[in-house]
>>> print(open('protein-v2.cif').read())   # mmCIF, C-alpha atoms
data_model
loop_
_atom_site.label_atom_id
_atom_site.label_comp_id
_atom_site.auth_asym_id
_atom_site.auth_seq_id
_atom_site.Cartn_x
_atom_site.Cartn_y
_atom_site.Cartn_z
CA MET O 830 0.00 0.00 0.00
CA THR O 831 2.08 2.86 -1.28
CA PRO O 832 -0.40 5.70 -0.54
CA ALA O 833 -0.85 4.43 2.97
CA SER O 834 2.86 4.22 3.51
CA THR O 835 3.41 7.75 2.20
CA ALA O 836 0.59 8.98 4.38
CA LEU O 837 2.20 7.22 7.30
CA ALA O 838 5.50 8.85 6.45
CA THR O 839 3.91 12.31 6.39
CA ALA O 840 2.11 11.48 9.60
CA ALA O 841 5.39 10.47 11.15
CA ALA O 842 6.97 13.69 9.96
CA GLY O 843 4.10 15.68 11.45
CA ALA O 844 4.34 13.64 14.60
CA ALA O 845 8.01 14.43 14.87
CA GLU O 846 7.14 18.12 14.81
CA ARG O 847 4.07 18.00 16.98
CA GLY O 848 4.81 15.09 19.25
CA PHE O 849 2.18 12.57 18.22
CA LEU O 850 3.14 10.05 20.86
CA SER O 851 3.41 12.62 23.61
CA PRO O 852 -0.02 14.22 23.70
CA THR O 853 -0.50 17.56 25.33
CA GLY O 854 -2.51 18.07 28.45
CA VAL O 855 -5.42 19.48 26.47
CA GLU O 856 -5.53 16.34 24.36
CA ILE O 857 -5.49 14.08 27.40
CA ALA O 858 -8.29 16.07 29.00
CA PHE O 859 -10.24 16.02 25.72
CA VAL O 860 -9.94 12.25 25.41
CA LEU O 861 -10.94 11.63 29.03
CA VAL O 862 -13.97 13.93 28.86
CA GLY O 863 -14.81 12.46 25.47
CA LEU O 864 -14.81 8.94 26.90
CA ALA O 865 -17.12 10.04 29.69
CA THR O 866 -19.39 11.79 27.19
CA LEU O 867 -19.52 8.79 24.90
CA GLY O 868 -20.22 6.43 27.79
CA ALA O 869 -23.06 8.63 29.03
CA ALA O 870 -24.47 8.79 25.49
CA VAL O 871 -24.35 5.01 25.16
CA VAL O 872 -26.10 4.58 28.51
CA THR O 873 -28.69 7.14 27.37
CA VAL O 874 -29.64 5.11 24.31
CA THR O 875 -29.47 1.71 26.01
CA THR O 876 -30.89 2.09 29.51
CA ARG O 877 -34.33 0.69 30.20
CA GLN O 878 -35.26 3.34 32.75
CA LEU O 879 -36.69 6.30 30.91
CA VAL O 880 -35.97 8.97 33.52
CA HIS O 881 -32.41 7.71 33.90
CA ALA O 882 -31.97 8.16 30.16
CA ALA O 883 -32.81 11.85 30.50
CA LEU O 884 -30.43 12.20 33.44
CA TRP O 885 -27.58 10.49 31.58
CA LEU O 886 -28.27 12.85 28.69
CA VAL O 887 -27.42 15.67 31.11
CA VAL O 888 -23.97 14.10 31.60
CA ALA O 889 -23.45 13.69 27.85
CA LEU O 890 -24.46 17.26 27.02
CA GLY O 891 -22.41 18.65 29.91
CA GLY O 892 -19.41 16.71 28.63
CA ILE O 893 -19.89 18.28 25.21
CA ALA O 894 -19.95 21.71 26.90
CA VAL O 895 -16.59 20.89 28.52
CA GLU O 896 -15.27 19.88 25.09
CA TYR O 897 -16.33 23.27 23.76
CA LEU O 898 -14.40 24.90 26.59
CA LEU O 899 -11.32 22.83 25.70
CA LEU O 900 -11.70 24.00 22.10
CA THR O 901 -11.69 27.62 23.40
CA ALA O 902 -15.30 28.24 22.39
CA GLU O 903 -16.42 29.67 25.70
CA PHE O 904 -19.63 31.34 24.63
CA ILE O 905 -20.93 28.22 22.87
CA ALA O 906 -20.14 26.20 25.99
CA TRP O 907 -22.21 28.41 28.27
CA VAL O 908 -25.03 28.61 25.73
CA GLN O 909 -24.96 24.80 25.67
CA VAL O 910 -25.20 24.67 29.46
CA LEU O 911 -28.01 27.22 29.56
CA ILE O 912 -30.18 25.92 26.74
CA TYR O 913 -29.57 22.19 26.73
CA LEU O 914 -29.00 21.48 30.38
CA GLY O 915 -31.31 24.22 31.54
CA SER O 916 -34.30 23.95 29.30
CA VAL O 917 -34.20 21.01 26.90
CA ILE O 918 -33.64 18.40 29.60
CA VAL O 919 -36.36 19.95 31.73
CA LEU O 920 -38.70 19.86 28.73
CA LEU O 921 -37.83 16.21 28.14
CA LEU O 922 -38.47 15.33 31.78
CA PHE O 923 -41.80 17.13 31.65
CA GLY O 924 -42.65 15.22 28.50
CA LEU O 925 -41.73 11.92 30.12
CA MET O 926 -43.89 12.64 33.13
CA LEU O 927 -46.83 13.99 31.14
CA THR O 928 -46.90 10.82 29.06
CA LYS O 929 -47.00 8.80 32.29
CA ALA O 930 -43.68 7.12 31.73
CA PRO O 931 -43.02 4.25 34.12
CA ILE O 932 -40.57 5.17 36.85
CA GLY O 933 -39.01 1.72 37.11
CA ARG O 934 -37.70 -0.50 34.39
CA SER O 935 -39.73 -0.72 31.22
CA PRO O 936 -38.84 -3.92 29.40
CA ASP O 937 -40.24 -2.69 26.09
CA ALA O 938 -38.04 0.38 25.81
CA ASP O 939 -36.34 -1.00 22.72
CA SER O 940 -38.29 -1.94 19.65
CA GLY O 941 -37.89 -5.16 17.74
CA ASN O 942 -35.42 -3.82 15.21
CA ARG O 943 -32.68 -3.00 17.69
CA TRP O 944 -30.25 -5.52 16.20
CA VAL O 945 -30.74 -4.00 12.75
CA ALA O 946 -30.21 -0.60 14.35
CA LEU O 947 -27.06 -1.85 16.05
CA GLY O 948 -25.72 -3.12 12.72
CA VAL O 949 -26.50 0.15 10.95
CA ALA O 950 -24.89 2.18 13.73
CA ALA O 951 -21.79 -0.04 13.78
CA VAL O 952 -21.34 0.17 10.02
CA ALA O 953 -21.87 3.94 10.05
CA ALA O 954 -19.46 4.39 12.97
CA SER O 955 -16.71 2.31 11.39
CA ALA O 956 -17.07 4.03 8.02
CA LEU O 957 -17.16 7.53 9.51
CA VAL O 958 -14.27 6.96 11.90
CA TRP O 959 -12.16 5.39 9.17
CA VAL O 960 -12.80 8.25 6.74
CA VAL O 961 -12.26 10.95 9.36
CA VAL O 962 -9.05 9.48 10.72
CA ASP O 963 -7.73 8.91 7.24
CA ALA O 964 -8.58 12.45 6.17
CA PHE O 965 -7.31 14.38 9.19
CA ARG O 966 -4.34 12.25 10.14
CA THR O 967 -1.86 15.09 9.80
CA THR O 968 -4.01 18.00 10.89
CA TRP O 969 -3.59 19.86 14.12
CA ILE O 970 -5.67 22.59 15.70
CA ASP O 971 -3.61 25.52 16.91
CA LEU O 972 -5.18 26.38 20.22
CA ASP O 973 -2.58 28.99 21.10
CA GLY O 974 -3.04 32.67 20.41
CA PRO O 975 -6.20 34.70 20.94
CA VAL O 976 -9.31 32.93 22.14
CA GLN O 977 -11.48 31.96 19.19
CA GLY O 978 -14.86 31.91 20.82
CA SER O 979 -14.96 34.41 23.65
CA THR O 980 -18.15 36.33 24.23
CA GLN O 981 -16.69 39.47 22.68
CA VAL O 982 -15.60 37.71 19.48
CA THR O 983 -18.83 35.78 19.11
CA GLY O 984 -20.96 38.82 19.82
CA GLU O 985 -19.14 41.00 17.32
CA VAL O 986 -19.33 38.34 14.62
CA LEU O 987 -22.94 37.54 15.34
CA PHE O 988 -24.20 41.10 15.30
CA ARG O 989 -21.95 42.31 12.51
CA HIS O 990 -22.12 39.53 9.93
CA TRP O 991 -24.97 37.28 10.98
CA VAL O 992 -27.68 39.74 11.99
CA LEU O 993 -30.23 38.76 9.36
CA PRO O 994 -30.16 35.00 10.10
CA PHE O 995 -30.25 35.85 13.80
CA GLU O 996 -33.45 37.87 13.41
CA ALA O 997 -34.99 35.26 11.14
CA LEU O 998 -34.19 32.68 13.80
CA SER O 999 -36.00 34.71 16.43
CA VAL O 1000 -39.08 34.72 14.22
CA LEU O 1001 -38.72 30.96 13.83
CA LEU O 1002 -38.53 30.54 17.61
CA LEU O 1003 -41.67 32.64 18.05
CA ALA O 1004 -43.49 30.55 15.45
CA ALA O 1005 -42.36 27.34 17.14
CA LEU O 1006 -43.52 28.64 20.52
CA ILE O 1007 -46.96 29.56 19.21
CA GLY O 1008 -47.18 26.25 17.39
CA ALA O 1009 -46.31 24.30 20.53
CA ILE O 1010 -48.93 26.20 22.53
CA VAL O 1011 -51.59 25.59 19.88
CA LEU O 1012 -50.70 21.92 19.59
CA SER O 1013 -50.66 21.20 23.31
CA ARG O 1014 -53.87 22.92 24.34
CA LYS O 1015 -56.33 20.72 26.14
CA ASP O 1016 -59.37 21.49 24.03
CA THR O 1017 -57.92 20.56 20.65
CA ALA O 1018 -59.92 17.33 20.65
CA ASP O 1019 -63.14 19.29 20.93
CA THR O 1020 -63.81 19.64 17.22
CA ALA O 1021 -67.24 21.17 17.67
CA ALA O 1022 -65.77 24.30 19.21
CA ALA O 1023 -63.26 24.84 16.44
CA PRO O 1024 -64.57 28.25 15.23
CA ALA O 1025 -64.74 29.51 18.79
CA ASP O 1026 -61.19 28.29 19.25
CA ALA O 1027 -60.09 30.22 16.20
CA THR O 1028 -61.51 33.48 17.50
CA ASP O 1029 -60.14 32.77 20.94
CA GLN O 1030 -56.73 32.16 19.44
CA GLY O 1031 -56.94 35.41 17.57
CA GLU O 1032 -57.54 37.29 20.76
CA ARG O 1033 -54.47 35.89 22.48
CA MET Z 341 -4.73 19.46 19.47
CA HIS Z 342 -5.03 16.76 16.86
CA LEU Z 343 -8.13 17.40 14.75
CA ALA Z 344 -8.96 13.70 14.70
CA TYR Z 345 -9.98 13.71 18.37
CA PRO Z 346 -13.06 15.95 18.09
CA ALA Z 347 -13.91 14.55 14.66
CA VAL Z 348 -13.85 10.95 15.90
CA LEU Z 349 -15.79 11.85 19.03
CA ALA Z 350 -18.42 13.61 16.92
CA ALA Z 351 -18.70 10.62 14.57
CA LEU Z 352 -19.14 8.19 17.46
CA LEU Z 353 -21.72 10.41 19.17
CA PHE Z 354 -23.62 10.71 15.89
CA CYS Z 355 -23.70 6.94 15.49
CA THR Z 356 -24.85 6.53 19.09
CA GLY Z 357 -27.72 8.88 18.34
CA LEU Z 358 -28.41 6.99 15.12
CA TYR Z 359 -28.73 3.74 17.05
CA GLY Z 360 -31.05 5.41 19.53
CA VAL Z 361 -33.30 6.83 16.83
CA LEU Z 362 -33.59 3.46 15.12
CA ALA Z 363 -33.84 1.23 18.20
CA ARG Z 364 -35.90 3.17 20.71
CA ARG Z 365 -39.63 2.69 21.01
CA ASN Z 366 -40.71 5.61 23.17
CA ALA Z 367 -41.03 8.81 21.11
CA ILE Z 368 -39.39 10.95 23.80
CA LEU Z 369 -36.33 8.68 23.82
CA VAL Z 370 -36.19 9.08 20.05
CA LEU Z 371 -36.15 12.86 20.59
CA MET Z 372 -33.27 12.46 23.06
CA SER Z 373 -31.31 10.53 20.45
CA VAL Z 374 -31.98 13.28 17.91
CA GLU Z 375 -30.50 15.72 20.41
CA LEU Z 376 -27.37 13.57 20.60
CA MET Z 377 -27.01 13.64 16.82
CA LEU Z 378 -27.45 17.43 16.74
CA ASN Z 379 -24.80 17.83 19.42
CA ALA Z 380 -22.37 15.71 17.47
CA VAL Z 381 -22.82 18.03 14.50
CA ASN Z 382 -22.32 21.05 16.77
CA LEU Z 383 -19.04 19.62 18.06
CA ASN Z 384 -17.85 19.15 14.49
CA LEU Z 385 -18.81 22.72 13.60
CA VAL Z 386 -16.95 24.18 16.58
CA ALA Z 387 -13.84 22.05 16.02
CA PHE Z 388 -13.56 22.96 12.35
CA ASP Z 389 -14.25 26.61 13.09
CA VAL Z 390 -11.38 26.70 15.57
CA TRP Z 391 -9.16 24.82 13.13
CA LEU Z 392 -9.88 27.06 10.14
CA ARG Z 393 -9.64 30.30 12.16
CA ASP Z 394 -12.46 31.75 10.10
CA THR Z 395 -12.76 35.50 10.42
CA LEU Z 396 -16.54 35.28 10.09
CA HIS Z 397 -16.65 32.42 12.62
CA ALA Z 398 -19.28 30.73 10.51
CA GLY Z 399 -18.96 27.49 12.48
CA GLN Z 400 -19.73 29.07 15.82
CA ALA Z 401 -22.57 31.16 14.41
CA LEU Z 402 -24.07 28.07 12.81
CA THR Z 403 -23.66 26.22 16.11
CA LEU Z 404 -25.69 28.88 17.88
CA PHE Z 405 -28.34 28.67 15.17
CA THR Z 406 -28.40 24.90 15.44
CA ILE Z 407 -28.88 25.09 19.19
CA ALA Z 408 -31.80 27.49 18.76
CA ILE Z 409 -33.38 25.33 16.05
CA ALA Z 410 -32.92 22.27 18.27
CA ALA Z 411 -34.76 24.07 21.06
CA ALA Z 412 -37.61 24.86 18.69
CA GLU Z 413 -37.59 21.28 17.43
CA ILE Z 414 -37.78 19.80 20.90
CA GLY Z 415 -40.69 22.10 21.80
CA ILE Z 416 -42.71 21.22 18.71
CA GLY Z 417 -41.77 17.55 18.97
CA LEU Z 418 -42.85 17.27 22.58
CA ALA Z 419 -46.12 19.05 21.80
CA ILE Z 420 -46.79 16.54 19.00
CA VAL Z 421 -45.87 13.61 21.25
CA LEU Z 422 -48.18 14.89 23.98
CA MET Z 423 -51.03 15.28 21.50
CA VAL Z 424 -50.47 11.80 20.14
CA TYR Z 425 -50.39 10.40 23.67
CA ARG Z 426 -53.59 12.22 24.57
CA ASN Z 427 -55.38 10.92 21.48
CA ARG Z 428 -53.99 7.38 21.29
CA GLY Z 429 -53.01 6.54 24.86
CA THR Z 430 -49.50 5.56 23.81
CA SER Z 431 -46.36 7.29 22.59
CA ASP Z 432 -44.61 4.22 21.20
CA VAL Z 433 -43.58 4.97 17.67
CA ASP Z 434 -43.93 1.41 16.40
CA ARG Z 435 -47.55 1.15 17.48
CA LEU Z 436 -48.64 4.18 15.47
CA ARG Z 437 -49.13 2.24 12.27
CA ASP Z 438 -52.37 3.74 11.01
CA THR Z 439 -50.85 5.27 7.92
CA ALA Z 440 -48.56 2.32 7.19
CA GLU Z 441 -49.09 0.46 3.96
CA SER Z 442 -50.75 -2.84 4.67
CA ARG Z 443 -49.10 -5.98 3.40
CA GLU Z 444 -52.32 -7.82 2.51
CA PRO Z 445 -54.89 -6.04 0.39
CA ASP Z 446 -57.78 -7.37 2.52
CA THR Z 447 -56.62 -5.44 5.57
CA THR Z 448 -57.22 -2.09 3.87
CA GLY Z 449 -60.69 -2.07 5.38
CA THR Z 450 -59.15 -1.16 8.72
CA THR Z 451 -57.97 2.20 7.43
CA GLY Z 452 -61.38 3.60 8.30
CA THR Z 453 -60.18 3.77 11.90
CA ALA Z 454 -57.12 5.76 10.97
CA ARG Z 455 -58.25 8.68 13.06
CA PRO Z 456 -60.24 7.39 16.02
CA GLU Z 457 -60.46 10.84 17.55
CA VAL Z 458 -62.44 11.97 14.50
CA ALA Z 459 -64.63 8.88 14.49
CA ALA Z 460 -65.40 9.28 18.18
#
>>> encode(input="protein-v2.cif", output="structure tokens")
Amino acid sequence: MTPASTALATAAAGAAERGFLSPTGVEIAFVLVGLATLGAAVVTVTTRQLVHAALWLVVALGGIAVEYLLLTAEFIAWVQVLIYLGSVIVLLLFGLMLTKAPIGRSPDADSGNRWVALGVAAVAASALVWVVVDAFRTTWIDLDGPVQGSTQVTGEVLFRHWVLPFEALSVLLLAALIGAIVLSRKDTADTAAAPADATDQGER
Amino acid sequence: MHLAYPAVLAALLFCTGLYGVLARRNAILVLMSVELMLNAVNLNLVAFDVWLRDTLHAGQALTLFTIAIAAAEIGIGLAIVLMVYRNRGTSDVDRLRDTAESREPDTTGTTGTARPEVAA
């Protein structure tokens, strides 16, 4: 395999410069937090206790926030903590309790096609990891220098270059909020009162 | 930092979410797995943004937009799941087979009960 050997040679050359076999402290921390995140994600999709799945999702999303911090994207990390850990998990727990999820083990948490799903996920994971490792074998992120994602940098970029998508996104959030309220009202099943509902909705 | 670390972690998280979407039965657990997949994409966006040192910081801006869209998605999704649970009494995605194509042609007569809340 000549291309592989040349790639290995370039990788070795890059490793000689960067120290491939002596990882930096940031890399060690990234790998450790990544293992914790991945383990929490696996427990989330495999546990049979529904509420525990939501709580393990907290660990996984918090681990991703720590990874953002290690990648010097501070603002994204705190937005992740605020929105995901603060609101999305709470919404999911409310949803679990409003649908009367069993507190203990539920033996039918996985559907019948879980082995097919496992095969698909394994094939996708092996293909993606192989392609990604092969593509970025000799690529390093330079984390030194000015912070890439501080609040000042992100704010300036967001309100200087991305204002229009930002405003459009706020309209989208408003539409989603109104849609969620309309969908989850109690009297939606009462089809006889539909015109009254329409006028009532217009007043709100 | 080697770029392969965040890229591999994002790929593995995405495949974990993929397994969850395909294998879970409860609709809310499917939504949790979708959140995992979205977070894997966010991690990729942030890592490549930091690597490329983009002056527009398109990766981080798109990550913020993805987080906001994910919040909207989880709100709408939970509202739909609650409505389905209220109408059907279950939120298991593989028992909601009213609009599925039937395998035998003689079972098409059961499609009249596709919307029991309307028939009631």
>>> resolve_selection(input="protein-v2.cif", expression="the PyMOL selection byres ((chain Z) within 7 of (chain O))", output="mmCIF file with C-alpha atoms, in the frame of the given file")
data_model
loop_
_atom_site.group_PDB
_atom_site.id
_atom_site.type_symbol
_atom_site.label_atom_id
_atom_site.label_comp_id
_atom_site.auth_asym_id
_atom_site.auth_seq_id
_atom_site.Cartn_x
_atom_site.Cartn_y
_atom_site.Cartn_z
ATOM 1 C CA MET Z 341 -4.730 19.460 19.470
ATOM 2 C CA HIS Z 342 -5.030 16.760 16.860
ATOM 3 C CA LEU Z 343 -8.130 17.400 14.750
ATOM 4 C CA ALA Z 344 -8.960 13.700 14.700
ATOM 5 C CA ALA Z 347 -13.910 14.550 14.660
ATOM 6 C CA VAL Z 348 -13.850 10.950 15.900
ATOM 7 C CA LEU Z 349 -15.790 11.850 19.030
ATOM 8 C CA ALA Z 351 -18.700 10.620 14.570
ATOM 9 C CA LEU Z 352 -19.140 8.190 17.460
ATOM 10 C CA LEU Z 353 -21.720 10.410 19.170
ATOM 11 C CA CYS Z 355 -23.700 6.940 15.490
ATOM 12 C CA THR Z 356 -24.850 6.530 19.090
ATOM 13 C CA LEU Z 358 -28.410 6.990 15.120
ATOM 14 C CA TYR Z 359 -28.730 3.740 17.050
ATOM 15 C CA GLY Z 360 -31.050 5.410 19.530
ATOM 16 C CA LEU Z 362 -33.590 3.460 15.120
ATOM 17 C CA ALA Z 363 -33.840 1.230 18.200
ATOM 18 C CA ARG Z 364 -35.900 3.170 20.710
ATOM 19 C CA ARG Z 365 -39.630 2.690 21.010
ATOM 20 C CA ASN Z 366 -40.710 5.610 23.170
ATOM 21 C CA ILE Z 368 -39.390 10.950 23.800
ATOM 22 C CA SER Z 373 -31.310 10.530 20.450
ATOM 23 C CA ALA Z 387 -13.840 22.050 16.020
ATOM 24 C CA VAL Z 390 -11.380 26.700 15.570
ATOM 25 C CA TRP Z 391 -9.160 24.820 13.130
ATOM 26 C CA LEU Z 396 -16.540 35.280 10.090
ATOM 27 C CA HIS Z 397 -16.650 32.420 12.620
ATOM 28 C CA ALA Z 401 -22.570 31.160 14.410
ATOM 29 C CA LEU Z 404 -25.690 28.880 17.880
ATOM 30 C CA ALA Z 411 -34.760 24.070 21.060
ATOM 31 C CA ALA Z 412 -37.610 24.860 18.690
ATOM 32 C CA GLY Z 415 -40.690 22.100 21.800
ATOM 33 C CA ILE Z 416 -42.710 21.220 18.710
ATOM 34 C CA LEU Z 418 -42.850 17.270 22.580
ATOM 35 C CA ALA Z 419 -46.120 19.050 21.800
ATOM 36 C CA ILE Z 420 -46.790 16.540 19.000
ATOM 37 C CA LEU Z 422 -48.180 14.890 23.980
ATOM 38 C CA MET Z 423 -51.030 15.280 21.500
ATOM 39 C CA TYR Z 425 -50.390 10.400 23.670
#
>>> atom_distance(input="protein-v2.cif", atom1="CA of Ala869 (chain O)", atom2="CA of Trp885 (chain O)")
5.5 Å
>>> residues_around(input="protein-v2.cif", residues="Leu385 (chain Z)", least_positions_apart="2", cutoff="7 Å", atoms="all atoms listed in the file", output="PDB file with C-alpha atoms, keeping the file's coordinate frame")
ATOM      1  CA  VAL Z 381     -22.820  18.030  14.500  1.00  0.00           C
ATOM      2  CA  ASN Z 382     -22.320  21.050  16.770  1.00  0.00           C
ATOM      3  CA  LEU Z 383     -19.040  19.620  18.060  1.00  0.00           C
ATOM      4  CA  ALA Z 387     -13.840  22.050  16.020  1.00  0.00           C
ATOM      5  CA  PHE Z 388     -13.560  22.960  12.350  1.00  0.00           C
ATOM      6  CA  ASP Z 389     -14.250  26.610  13.090  1.00  0.00           C
ATOM      7  CA  GLY Z 399     -18.960  27.490  12.480  1.00  0.00           C
ATOM      8  CA  GLN Z 400     -19.730  29.070  15.820  1.00  0.00           C
ATOM      9  CA  THR Z 403     -23.660  26.220  16.110  1.00  0.00           C
TER      10      THR Z 403
END
>>> atom_distance(input="protein-v2.cif", atom1="CA of Glu441 (chain Z)", atom2="CA of Val361 (chain Z)")
21.3 Å
>>> closest_residue(input="protein-v2.cif", among="Z:Arg393, Z:Ala408, Z:Leu371, Z:Val386", to="Gly974 (chain O)", atoms="all atoms listed in the file")
Z:Arg393
>>> atom_distance(input="protein-v2.cif", atom1="CA of Phe988 (chain O)", atom2="CA of Val374 (chain Z)")
29.0 Å
